[in-house]
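S.K.: Quick one: this structure, given as structure tokens, is what I'll be asking you about.
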Amino acid sequence: MLLTIPEVRDALLSKRASATEITTAALQHAEAENPKTNAYLHFAPERALAAARKVDEQIARGEELGPLAGVPIAVKDVILTKGLTTTCASRLLVNYIPPYDATAITRLEQAGGVIIGKTNCDEFAMGSSNENSAFGPVRNPIDPTRVPGGTSGGSAAAVAQGTAVVALGSDTGGSIRQPASFCGVVGVCPTYGRVSRYGLTAHASSLDHIGPLSRTVRDSATLLAAISGRDACDSTSAAAPVPDYTALLDGNVKGLKLGLPREYLKDLTSETGGLISHAVEVLKSLGCEVREISLPATDYAIATYYIISTAEASSNLARFDGVRYTSRSAQSDTLADLYRNTRGEGFGAECKRRIMLGTYVLSHGYYDAYYVKAQKVRSLITQDFARAFQEVDAIVAPVSPFPAFKIGEKVDDPIAMYLSDIYTITGSLAGIPCMSVPCGTTTDGLPVGMQILTRHFDETTMFRLADAFERTRK
Amino acid sequence: MAGLSNLELTDAEVAKFQGDLNGILEHMDRLKEIDTKGVEPMAQVLFDEGEGETLRHDIVILPLSNEAALANAPQPGNGYFKVPKVIER
């Protein structure tokens, strides 16, 4: 099922296949392939077939089809789907059935999209390898002994495996871009505020995004356009107009000014560095002007990110207290015991670590030294980008210092795991759009992604550059 | 910290997390090196938006029904979430 959105549309419009046939085939294929990767936690045959029937009825009536009509889509299991179990890959929510749909889900279905299943991820989207799932790790379809990246590992694996045409993920510090890079697919973290987070289980509210994963740049652009825009249910969503991205993909990037951040490349001696350098040469051959830039606060980004994100996570996860959301510890005589036991039994190790870190950095006596200090450094990181974008139109960088690592390799070393996020968290902290586009494979055959970052709300330039680069690889 | 975070931990977890958290905080202490005098803290990503634009229109929207809100409750009762007794009489 290695179809793209235009191929699905073509099959429907030429009557070679109905949406119901495509959906049935997609469901069968995804269920058959799932044991290889553990990418899906549950499938949604009834909902998918109902959505497909609607598209077939539209075709029968000769109506205009939505941009995602009949497209099989996988959705990360931290995004709420009404009536369809949403676990956040946590023991705490094994039986949680949301009473409403996330806005991104509503919009995706209004555009004709067909949700075939919910994908595995790190518990509450915390991790960098998809090993923190209560339902077992996801395996990388390229090499099943390796991680698919995290936290949207299931969505990336499903797209790479060809069991979904496109997928939705969420990105707080690289959770779409890094798994996209590890699995050899396209992954986009849009501008903060571009896509409503209503119905996205909150991890770190000042950093959370919903975004697309796909096998082509064009498909991500189509999916993003369908879910973007102001939503009255999320006061942080932006009213900025959403361009028709795909209409602007013409392959011409001549004269575009690109910046290469010195701080990102100095320690990058691995094969990843070579592949990024090669990609930069390709971009030069397309007529881009490349210059070195400096983002001096980069060295402090990891500390800044893990203070701010854990602080926000510790308060966001306070709601899982054994009172409202399905799970409650059996042995609790007092309310205080009920909180402590439910959370102690329910959360996995990484969530506990982050809740405690976040509680610590917000606690009396440490608040200024950690939390407020980190917020100030966040300003400096954001100013670095603003300065760079006075000189250049886009920044090109690696996504991860290394390709997909072995399952179990870093799981006992949280600091090593956190450090692997170095190139993705800076863009997250600044709230700018950033994406991963495949740029080659290592000698071991492992995919490597190139990251493209642009100004706030300038996804257009990001997509145009990624698309022009993608054309050179076909 | 576990107490403040409302997390019941095993002895093995306490030992493991103590080591982890000390290591992580040591890394975080690097922030002391960077001068932030006169820098405003950034609490969220801001973008230009007209006044009132982030407010929704003042239209009555039906909230979740009591039944829907309680559907996931571990222990519902009489239209409420039930918890162990908090006040002794």
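Ordering of the structure tokens sets the chain letters (A, B, ...), residue numbers begin anew at 1 in every chain, and ligands are numbered from 1 in the order given.
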Using only C-alpha atoms, determine which residues lie at most 10 Å from segment 278-293 of chain A, disregarding the query and same-chain residues fewer than 2 positions distant; provide the list as a ChimeraX atom specification.
M.R.: /A:251-263,272-276,295-296,384-385,387-389,391-397,438-440,449-450,465-466,468-469,472-473
S.K.: How would the residues just chosen look if you wrote them out with N, CA and C atoms as a short mmCIF file (atom, residue, chain, number, x, y, z; two decimals), in the first residue's frame?
M.R.:
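Contents of again-v3.cif, freshly written:
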```cif
data_model
loop_
_atom_site.label_atom_id
_atom_site.label_comp_id
_atom_site.auth_asym_id
_atom_site.auth_seq_id
_atom_site.Cartn_x
_atom_site.Cartn_y
_atom_site.Cartn_z
N GLY A 251 9.41 23.49 -7.38
CA GLY A 251 10.78 22.98 -7.56
C GLY A 251 11.82 24.07 -7.78
N ASN A 252 11.40 25.33 -7.80
CA ASN A 252 12.34 26.43 -8.04
C ASN A 252 12.76 27.10 -6.73
N VAL A 253 13.99 26.89 -6.32
CA VAL A 253 14.47 27.51 -5.08
C VAL A 253 15.71 28.37 -5.35
N LYS A 254 15.84 28.77 -6.60
CA LYS A 254 16.99 29.58 -7.01
C LYS A 254 17.03 30.89 -6.22
N GLY A 255 18.21 31.21 -5.67
CA GLY A 255 18.38 32.47 -4.96
C GLY A 255 17.95 32.43 -3.50
N LEU A 256 17.38 31.31 -3.07
CA LEU A 256 16.99 31.19 -1.66
C LEU A 256 18.25 31.21 -0.79
N LYS A 257 18.21 31.99 0.28
CA LYS A 257 19.38 32.08 1.17
C LYS A 257 19.25 31.09 2.32
N LEU A 258 20.23 30.20 2.44
CA LEU A 258 20.20 29.17 3.48
C LEU A 258 21.32 29.37 4.49
N GLY A 259 21.03 29.11 5.75
CA GLY A 259 22.04 29.21 6.81
C GLY A 259 22.40 27.84 7.35
N LEU A 260 23.70 27.64 7.58
CA LEU A 260 24.18 26.41 8.22
C LEU A 260 24.70 26.79 9.60
N PRO A 261 24.04 26.35 10.67
CA PRO A 261 24.50 26.75 12.00
C PRO A 261 25.81 26.06 12.39
N ARG A 262 26.82 26.86 12.64
CA ARG A 262 28.15 26.38 13.02
C ARG A 262 28.05 25.43 14.21
N GLU A 263 27.23 25.80 15.21
CA GLU A 263 27.16 25.02 16.45
C GLU A 263 26.60 23.62 16.23
N THR A 272 26.35 10.82 9.43
CA THR A 272 25.25 11.79 9.35
C THR A 272 25.78 13.12 8.83
N GLY A 273 26.92 13.57 9.37
CA GLY A 273 27.51 14.83 8.94
C GLY A 273 27.82 14.82 7.45
N GLY A 274 28.36 13.72 6.96
CA GLY A 274 28.68 13.60 5.54
C GLY A 274 27.45 13.71 4.66
N LEU A 275 26.37 13.05 5.11
CA LEU A 275 25.13 13.07 4.32
C LEU A 275 24.51 14.47 4.30
N ILE A 276 24.59 15.18 5.43
CA ILE A 276 24.07 16.55 5.47
C ILE A 276 24.91 17.44 4.54
N LEU A 295 24.23 30.21 16.07
CA LEU A 295 23.14 30.20 17.05
C LEU A 295 23.79 29.92 18.41
N PRO A 296 24.39 30.98 19.02
CA PRO A 296 25.30 30.75 20.15
C PRO A 296 24.67 30.12 21.39
N ASP A 384 18.27 34.17 18.89
CA ASP A 384 19.28 33.64 17.95
C ASP A 384 18.65 33.39 16.58
N PHE A 385 17.48 32.74 16.60
CA PHE A 385 16.81 32.43 15.33
C PHE A 385 16.34 33.71 14.64
N ARG A 387 17.61 36.61 14.75
CA ARG A 387 18.78 37.26 14.15
C ARG A 387 19.19 36.54 12.87
N ALA A 388 19.21 35.22 12.94
CA ALA A 388 19.62 34.43 11.77
C ALA A 388 18.67 34.68 10.59
N PHE A 389 17.37 34.79 10.90
CA PHE A 389 16.39 34.95 9.81
C PHE A 389 16.38 36.36 9.22
N GLU A 391 19.14 37.34 7.98
CA GLU A 391 20.15 37.09 6.94
C GLU A 391 19.74 36.01 5.96
N VAL A 392 19.02 34.99 6.46
CA VAL A 392 18.72 33.83 5.61
C VAL A 392 17.22 33.54 5.61
N ASP A 393 16.77 32.80 4.58
CA ASP A 393 15.35 32.44 4.47
C ASP A 393 15.03 31.12 5.14
N ALA A 394 16.03 30.26 5.25
CA ALA A 394 15.81 28.96 5.87
C ALA A 394 17.12 28.48 6.48
N ILE A 395 17.00 27.63 7.49
CA ILE A 395 18.18 27.04 8.13
C ILE A 395 18.17 25.54 7.84
N VAL A 396 19.33 25.02 7.50
CA VAL A 396 19.46 23.60 7.19
C VAL A 396 20.36 22.97 8.24
N ALA A 397 19.94 21.82 8.77
CA ALA A 397 20.65 21.23 9.90
C ALA A 397 20.40 19.72 9.93
N PRO A 438 14.03 13.06 4.14
CA PRO A 438 15.09 12.06 3.98
C PRO A 438 16.21 12.58 3.08
N CYS A 439 17.48 12.35 3.47
CA CYS A 439 18.59 12.85 2.64
C CYS A 439 19.63 11.77 2.37
N GLY A 440 19.30 10.50 2.63
CA GLY A 440 20.25 9.45 2.30
C GLY A 440 20.27 8.37 3.36
N GLY A 449 17.79 11.96 8.14
CA GLY A 449 16.95 13.08 7.72
C GLY A 449 17.70 14.39 7.83
N MET A 450 17.36 15.30 6.91
CA MET A 450 17.87 16.67 6.98
C MET A 450 16.75 17.54 7.55
N LEU A 465 11.45 24.20 -0.26
CA LEU A 465 12.84 23.74 -0.25
C LEU A 465 12.89 22.20 -0.15
N ALA A 466 12.09 21.66 0.74
CA ALA A 466 12.09 20.19 0.94
C ALA A 466 11.64 19.49 -0.34
N ALA A 468 11.83 20.67 -3.47
CA ALA A 468 12.85 20.80 -4.51
C ALA A 468 13.97 19.79 -4.27
N PHE A 469 14.33 19.60 -3.00
CA PHE A 469 15.38 18.62 -2.67
C PHE A 469 14.91 17.20 -2.97
N THR A 472 15.26 15.91 -6.48
CA THR A 472 16.60 15.50 -6.95
C THR A 472 16.90 14.05 -6.59
N ARG A 473 16.10 13.49 -5.71
CA ARG A 473 16.38 12.12 -5.23
C ARG A 473 15.50 11.08 -5.91
#
```
S.K.: Tell me, as a ChimeraX atom specification, which residues lie within 7 Å of segment 40-49 of chain B, counting only C-alpha atoms; anything in the same chain fewer than 4 positions away does not count.
M.R.: /A:192,206,372,375-376,378-379,431 /B:53
S.K.: I need the chain B residues near chain A as a ChimeraX atom specification; criterion: at most 9 Å, counting only C-alpha atoms.
M.R.: /B:1-10,13,17,20-21,23-25,27-32,34-37,39-49,53-57,64,68-76,81-86
S.K.: Nearest residue to Arg464 of chain A out of A:Leu446, A:Ser420, A:Ser220, A:Cys351, using only C-alpha atoms?
M.R.: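 For Arg464 of chain A, the nearest of the given residues is A:Ser220.
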S.K.: Give me every alpha helix (DSSP H) residue in segment 11-241 of chain A, going by DSSP on the backbone, as number ranges by chain.
M.R.: A: 11-13, 19-37, 45-60, 103-110, 153-161, 177-183, 217-227
S.K.: For the selection you just gave me, I'd like the residues written to a file as a compact mmCIF listing (two decimals), in the first residue's frame, keeping C-alpha atoms.
M.R.:
```
# COMPACT_ATOMS: atom_id res chain seq x y z
CA ALA A 11 -7.78 5.74 -8.24
CA LEU A 12 -11.07 7.10 -6.85
CA LEU A 13 -11.77 9.58 -9.65
CA ALA A 19 -12.87 4.25 -1.01
CA THR A 20 -14.39 1.20 0.67
CA GLU A 21 -12.10 -1.13 -1.29
CA ILE A 22 -9.01 0.96 -0.51
CA THR A 23 -9.96 1.13 3.18
CA THR A 24 -10.64 -2.61 3.43
CA ALA A 25 -7.30 -3.38 1.80
CA ALA A 26 -5.49 -0.88 4.04
CA LEU A 27 -7.02 -2.36 7.21
CA GLN A 28 -6.15 -5.92 6.18
CA HIS A 29 -2.61 -4.94 5.23
CA ALA A 30 -2.01 -2.94 8.43
CA GLU A 31 -3.30 -5.76 10.66
CA ALA A 32 -1.23 -8.37 8.84
CA GLU A 33 1.97 -6.30 8.99
CA ASN A 34 1.58 -5.05 12.55
CA PRO A 35 3.33 -7.95 14.34
CA LYS A 36 6.57 -6.91 12.58
CA THR A 37 6.64 -3.43 14.12
CA PRO A 45 -12.53 -0.74 11.13
CA GLU A 46 -16.07 0.55 11.84
CA ARG A 47 -15.10 4.20 11.88
CA ALA A 48 -12.85 3.78 8.82
CA LEU A 49 -15.47 2.00 6.74
CA ALA A 50 -18.13 4.57 7.71
CA ALA A 51 -15.80 7.37 6.54
CA ALA A 52 -15.03 5.47 3.32
CA ARG A 53 -18.74 4.93 2.60
CA LYS A 54 -19.29 8.67 2.91
CA VAL A 55 -16.61 9.30 0.28
CA ASP A 56 -18.09 6.67 -2.04
CA GLU A 57 -21.51 8.32 -1.70
CA GLN A 58 -19.96 11.68 -2.61
CA ILE A 59 -18.40 10.11 -5.69
CA ALA A 60 -21.73 8.48 -6.65
CA THR A 103 -10.13 19.42 16.30
CA ALA A 104 -7.39 17.98 14.04
CA ILE A 105 -9.41 14.75 13.85
CA THR A 106 -12.65 16.57 13.02
CA ARG A 107 -10.93 18.55 10.25
CA LEU A 108 -9.14 15.53 8.87
CA GLU A 109 -12.43 13.64 8.58
CA GLN A 110 -14.22 16.67 7.12
CA GLY A 153 7.48 6.08 16.53
CA GLY A 154 4.32 4.17 15.64
CA SER A 155 3.15 6.84 13.19
CA ALA A 156 6.60 6.97 11.52
CA ALA A 157 6.84 3.17 11.35
CA ALA A 158 3.32 2.86 9.88
CA VAL A 159 4.13 5.34 7.11
CA ALA A 160 7.57 3.79 6.42
CA GLN A 161 6.06 0.31 6.39
CA ARG A 177 11.07 14.94 13.15
CA GLN A 178 13.37 12.43 14.87
CA PRO A 179 11.25 9.30 14.17
CA ALA A 180 10.70 10.55 10.59
CA SER A 181 14.48 10.77 10.23
CA PHE A 182 15.03 7.29 11.76
CA CYS A 183 12.39 5.66 9.54
CA VAL A 217 6.71 16.34 1.01
CA ARG A 218 3.56 17.05 -0.99
CA ASP A 219 1.46 14.68 1.14
CA SER A 220 2.59 16.34 4.38
CA ALA A 221 1.75 19.73 2.88
CA THR A 222 -1.73 18.50 1.94
CA LEU A 223 -2.42 17.03 5.39
CA LEU A 224 -1.08 20.08 7.23
CA ALA A 225 -3.21 22.48 5.17
CA ALA A 226 -6.30 20.41 5.97
CA ILE A 227 -5.85 20.54 9.77
```
S.K.: Find the distance between atom CA of Asn140 of chain A and atom CA of Ala39 of chain A and write it in Å to one decimal.
M.R.: 9.0 Å
S.K.: Quick one: DSSP strand (DSSP E or B) residues in segment 68-194 of chain A, as a list in words?
M.R.: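 Strand (DSSP E or B) members of segment 68-194 of chain A, listed: Pro72, Ile73, Ala74, Val75, Lys76, Ile79, Thr81, Leu84, Val114, Ile115, Ile116, Gly117, Lys118, Thr119, Asn140, Asp143, Arg146, Val166, Ala167, Leu168, Gly169, Ser170, Asp171, Val186, Gly187, Val188 and Cys189 of chain A.
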S.K.: Just want the 10 Å neighbourhood of Met126 of chain A, counted on only C-alpha atoms, with same-chain residues fewer than 5 positions away dropped. Output as a count of residues only.
M.R.: 18
